[in-house]
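K.L.:
Pasting a structure below so you can have a look.
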Amino acid sequence: MTTPPTVPSATPRTTYVTTTIPYVNARPHLGFALELVQADVLARHRRHRGDQVRFLSGTDENSLKNVLAAEAEGVPVQDLVDRNAEAFAALRGPLALSFDDFIRTSRDPRHRVGVERLWRRCAASGDLYRKHYEGLYCVGCEQFYTPAELVDGRCAEHGTEPRLVAEENWFFRLSRYADDLRELISSGRLRVEPAVRRNEVLALIDSGLHDFSVSRSHTRAHGWGIPVPDDPDQVVYVWWDALGNYVTSLGYGTDDPAYDQWWTGSTRRTHLVGKGVVRFHAVYWPAMLLSAGLPLPTDILVHDYLTVDGRKISKSSGTTVDPAELVAEFGTDAVRWWLLRDVPRVGDADFTRERLVARADADFAGGLGNLVNRVVSMVHRFREGRVPGRGAVAAEGTERLLTACREVSGHVDDALADFDFRRATGAVWRVVEEADRCVDATRPWELAKAERAGDRAAGERLDGVLAALVGACRTLADQLGPLVPESAARVAAQCAEVDGRLPVARPLFARVGDVEG
């Protein structure tokens, strides 16, 4: 059996997080924003835990879809690609993304040399050969399909009838790696999550893997793409080209030390992908790496789709929601929070503005914002803005809150390790709920009244309650940092002492429903 090269131990832990790179035949939509935000949270979380992290995104520009979109607009392909790629890169600001690198496959000088090197490595393994082929091709997927894979003669992903294409192409010996892939995925050495997607991949492998075409004629590609090494009449298949970005962006092919640090040397190499492209990332890409003798990713984390009125958000269907426009309307963290709090680990999620508004107003203005405002106001009212110090003992009624604060970090770690953002946000929100329960149970205003009447024990208990509540707010700021960094910073600033006192309480979050109206 062919096995991936041994990965050297890495100290400190290093994590490489990537998104897929989308086609740029149109502007970005909220469905891809979901993946960007998920990847950003994983990257921020691991940095927060002390990892060295590299977070990559980019755009897939050597696609026939981009050529056809440019022709439809009557503009040069490079002009359309440049314009739309800029819109994808510009999501960094509105979505508060922390990616370290952004690769463009038609422009970045690192990419072509890496693709060529990967091609030559697989050719040297005897895994590339040329033959005549006739098949049904979906331009939307950039993939050949057999009749059995279609639904009523149409692509299940795009609902379109594939074109009949006949030409001579280069093929990759995928069939050679079926046993290797089955063992790697079954053993968890190549982790595919969630389980429903892992089982889907294993079923695909068990149904029989067939060699697949990895080039297109120069004519059918309209001259757009990377020429096949030593065969200029063919261009490299867009998926071969695109998948290579995970290593070409690290300088694979140019002897850049970043490749050794972040690919061969990383503790975790994590790809985030949508369910529609699982076969490319969990079957084609690992097989290519095995052929080339390169390490495999460690994790392929798969999300389902967003829908609008039950229809998948996609550029090709025209069902789109512009994430930058959504942020301009409701704010960065309202959008990030809905994507993290309401989208399930398994199953599609239907987006509406009403749901986004309801979630943001309930959790930020009504939940977190109300809690922080109450706590800081009580510290000013009862202790002149000074947080009771380390001498404050744990007070009766704070036990559950203190436990929640101690345990939240571990719960978030576990949830994100399982690629479950809804569970991670729920773990954080339990601290909010316990803090609210603590206020209701301990009734600090009554303790303050008793203290003024001469009850020293009530005053000591009040110190313990206020210390626990401020500590909870600070814990929330810390744990929310990777999830909603702007909101976390607001909470942290409100709970940071200046000259020994907390800032005067002020509303932290406006109701986004008021913004809408």
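Ordered as shown in the structure tokens, chains take letters A, B, and onward, while each chain numbers its residues from 1 and ligands are numbered from 1 in the order shown.
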Taking the DSSP secondary structure from the backbone, can you list the residues of range 259-361 of chain A that are alpha helix (DSSP H), as a PyMOL selection string?
P.N.:
chain A and resi 259+278-279+285-292+323-330+332-341+353-360
K.L.:
Quick one: residues within 12 Å of range 430-437 of chain A, only C-alpha atoms counted, chain neighbours fewer than 6 positions away excluded, as a CSV table (one decimal) with C-alpha atoms, in the first residue's frame?
P.N.:
```
chain,number,residue,atom,x,y,z
A,363,ASP,CA,-28.4,37.8,21.7
A,364,PHE,CA,-26.4,41.0,21.5
A,366,GLY,CA,-31.0,41.8,24.6
A,367,GLY,CA,-28.6,39.2,25.9
A,368,LEU,CA,-24.9,40.0,26.1
A,369,GLY,CA,-25.3,43.8,25.9
A,370,ASN,CA,-28.0,43.8,28.6
A,371,LEU,CA,-25.9,41.6,30.9
A,372,VAL,CA,-22.7,43.7,30.6
A,373,ASN,CA,-24.7,46.9,31.1
A,374,ARG,CA,-26.4,45.5,34.3
A,375,VAL,CA,-23.1,44.3,35.7
A,397,GLY,CA,-25.4,31.6,44.5
A,398,THR,CA,-22.4,32.0,42.2
A,399,GLU,CA,-21.3,28.4,42.1
A,400,ARG,CA,-22.9,27.5,38.8
A,401,LEU,CA,-21.6,30.6,37.1
A,402,LEU,CA,-18.1,30.0,38.3
A,403,THR,CA,-18.3,26.4,37.1
A,404,ALA,CA,-19.5,27.6,33.7
A,405,CYS,CA,-16.7,30.1,33.4
A,406,ARG,CA,-14.1,27.4,34.3
A,407,GLU,CA,-15.5,24.9,31.8
A,408,VAL,CA,-16.3,27.0,28.8
A,409,SER,CA,-12.9,27.0,27.3
A,411,HIS,CA,-16.3,23.0,25.8
A,412,VAL,CA,-15.4,25.4,23.0
A,423,ARG,CA,-22.3,23.9,19.8
A,424,ALA,CA,-19.3,26.3,20.3
A,443,ARG,CA,-30.3,40.0,43.9
A,444,PRO,CA,-27.3,42.2,44.4
A,465,VAL,CA,-21.2,38.3,43.5
A,466,LEU,CA,-19.9,41.3,41.7
A,467,ALA,CA,-16.5,39.8,41.3
A,468,ALA,CA,-18.0,36.7,39.8
A,469,LEU,CA,-20.2,38.7,37.4
A,470,VAL,CA,-17.4,40.9,36.2
A,471,GLY,CA,-15.2,37.8,35.8
A,472,ALA,CA,-18.0,36.2,33.7
A,473,CYS,CA,-18.2,39.2,31.4
A,474,ARG,CA,-14.4,39.1,30.9
A,475,THR,CA,-14.6,35.4,30.2
A,476,LEU,CA,-17.2,36.1,27.6
A,477,ALA,CA,-15.0,38.7,26.0
A,478,ASP,CA,-12.2,36.2,25.8
A,479,GLN,CA,-14.2,33.3,24.4
A,480,LEU,CA,-16.1,35.5,21.9
```
K.L.:
Need the shell around Thr320 in chain A: protein/DNA/RNA residues with any atom at most 12 Å away, counting only C-alpha atoms. Skip same-chain ones fewer than 4 positions apart. Format as a list in words?
P.N.:
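Skipping anything fewer than 4 positions along the chain leaves Ala26, Arg27, Pro28, His29, Leu30, Gly31, Phe32, Ala33, Leu306, Thr307, Val308, Asp309, Arg311, Lys312, Ile313, Ser314, Lys315, Ser316, Ala324, Glu325, Leu326, Phe351 and Thr352 of chain A.
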K.L.:
Grab the CA of Arg353 in chain A to CA of Pro323 in chain A distance for me, in Å with one decimal place.
P.N.:
11.7 Å
K.L.:
Would you mind listing what lies within 8 Å of Ala282 in chain A as a PyMOL selection string, with only C-alpha atoms counted and same-chain residues fewer than 6 positions away left out?
P.N.:
chain A and resi 192+201+300
K.L.:
For the selection just defined, write its residues with C-alpha atoms to a file, as a CSV table (one decimal), in the first residue's frame.
P.N.:
```csv
chain,number,residue,atom,x,y,z
A,192,VAL,CA,-13.5,13.7,7.0
A,201,VAL,CA,-16.9,9.3,0.4
A,300,ILE,CA,-11.4,17.8,5.5
```
K.L.:
Taking 3 positions as the minimum chain separation for residues in the same chain, which residues sit within 7 Å of Val236 in chain A when counting only C-alpha atoms? Answer as a ChimeraX atom specification.
P.N.:
/A:214-216,225-228,240-241
K.L.:
For the residues in the current selection, export C-alpha atoms as a tab-separated table (two decimals), in the first residue's frame.
P.N.:
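Contents of part_22.tsv, freshly written:
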```tsv
chain	number	residue	atom	x	y	z
A	214	VAL	CA	-7.02	16.09	-15.98
A	215	SER	CA	-6.66	18.26	-19.07
A	216	ARG	CA	-8.82	20.02	-21.61
A	225	GLY	CA	-5.57	28.17	-18.24
A	226	ILE	CA	-2.16	26.70	-17.51
A	227	PRO	CA	-0.69	24.73	-20.44
A	228	VAL	CA	0.06	21.07	-19.77
A	240	TRP	CA	-6.19	19.87	-10.79
A	241	ASP	CA	-5.08	23.47	-11.11
```
K.L.:
Considering only C-alpha atoms, return as a list in words whatever protein or nucleic-acid residues lie within 8 Å of Lys275 in chain A, sequence-local ones (same chain, fewer than 2 positions apart) excluded.
P.N.:
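Close residues of Lys275 in chain A: Arg197, Val273, Val277, Val278, Val302, His303, Asp304 and Tyr305 of chain A.
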K.L.:
Any idea what the distance is between CA of Val75 in chain A and CA of Gly159 in chain A?
P.N.:
27.0 Å
K.L.:
Per DSSP on the backbone, filter range 21-189 of chain A down to the residues in strand (DSSP E) and report them as a PyMOL selection string.
P.N.:
chain A and resi 52-59+101-104+128-138+143-145+163-172
K.L.:
Which of these, A:Val165, A:Leu136, A:Ala360, A:Ala69, has the shortest distance to Gly331 in chain A once you count only C-alpha atoms?
P.N.:
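Looking only at the distances to Gly331 in chain A, the closest residue turns out to be A:Ala360.
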K.L.:
Record the distance separating CA of Phe55 in chain A and CA of Leu340 in chain A, expressed in Å with one decimal.
P.N.:
18.4 Å
K.L.:
Looking at only C-alpha atoms, which of A:Pro22, A:Glu161, A:Leu95, A:Ala489 is the one that sits closest to Gly274 in chain A?
P.N.:
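Among A:Pro22, A:Glu161, A:Leu95, A:Ala489, it is A:Pro22 that comes nearest to Gly274 in chain A.
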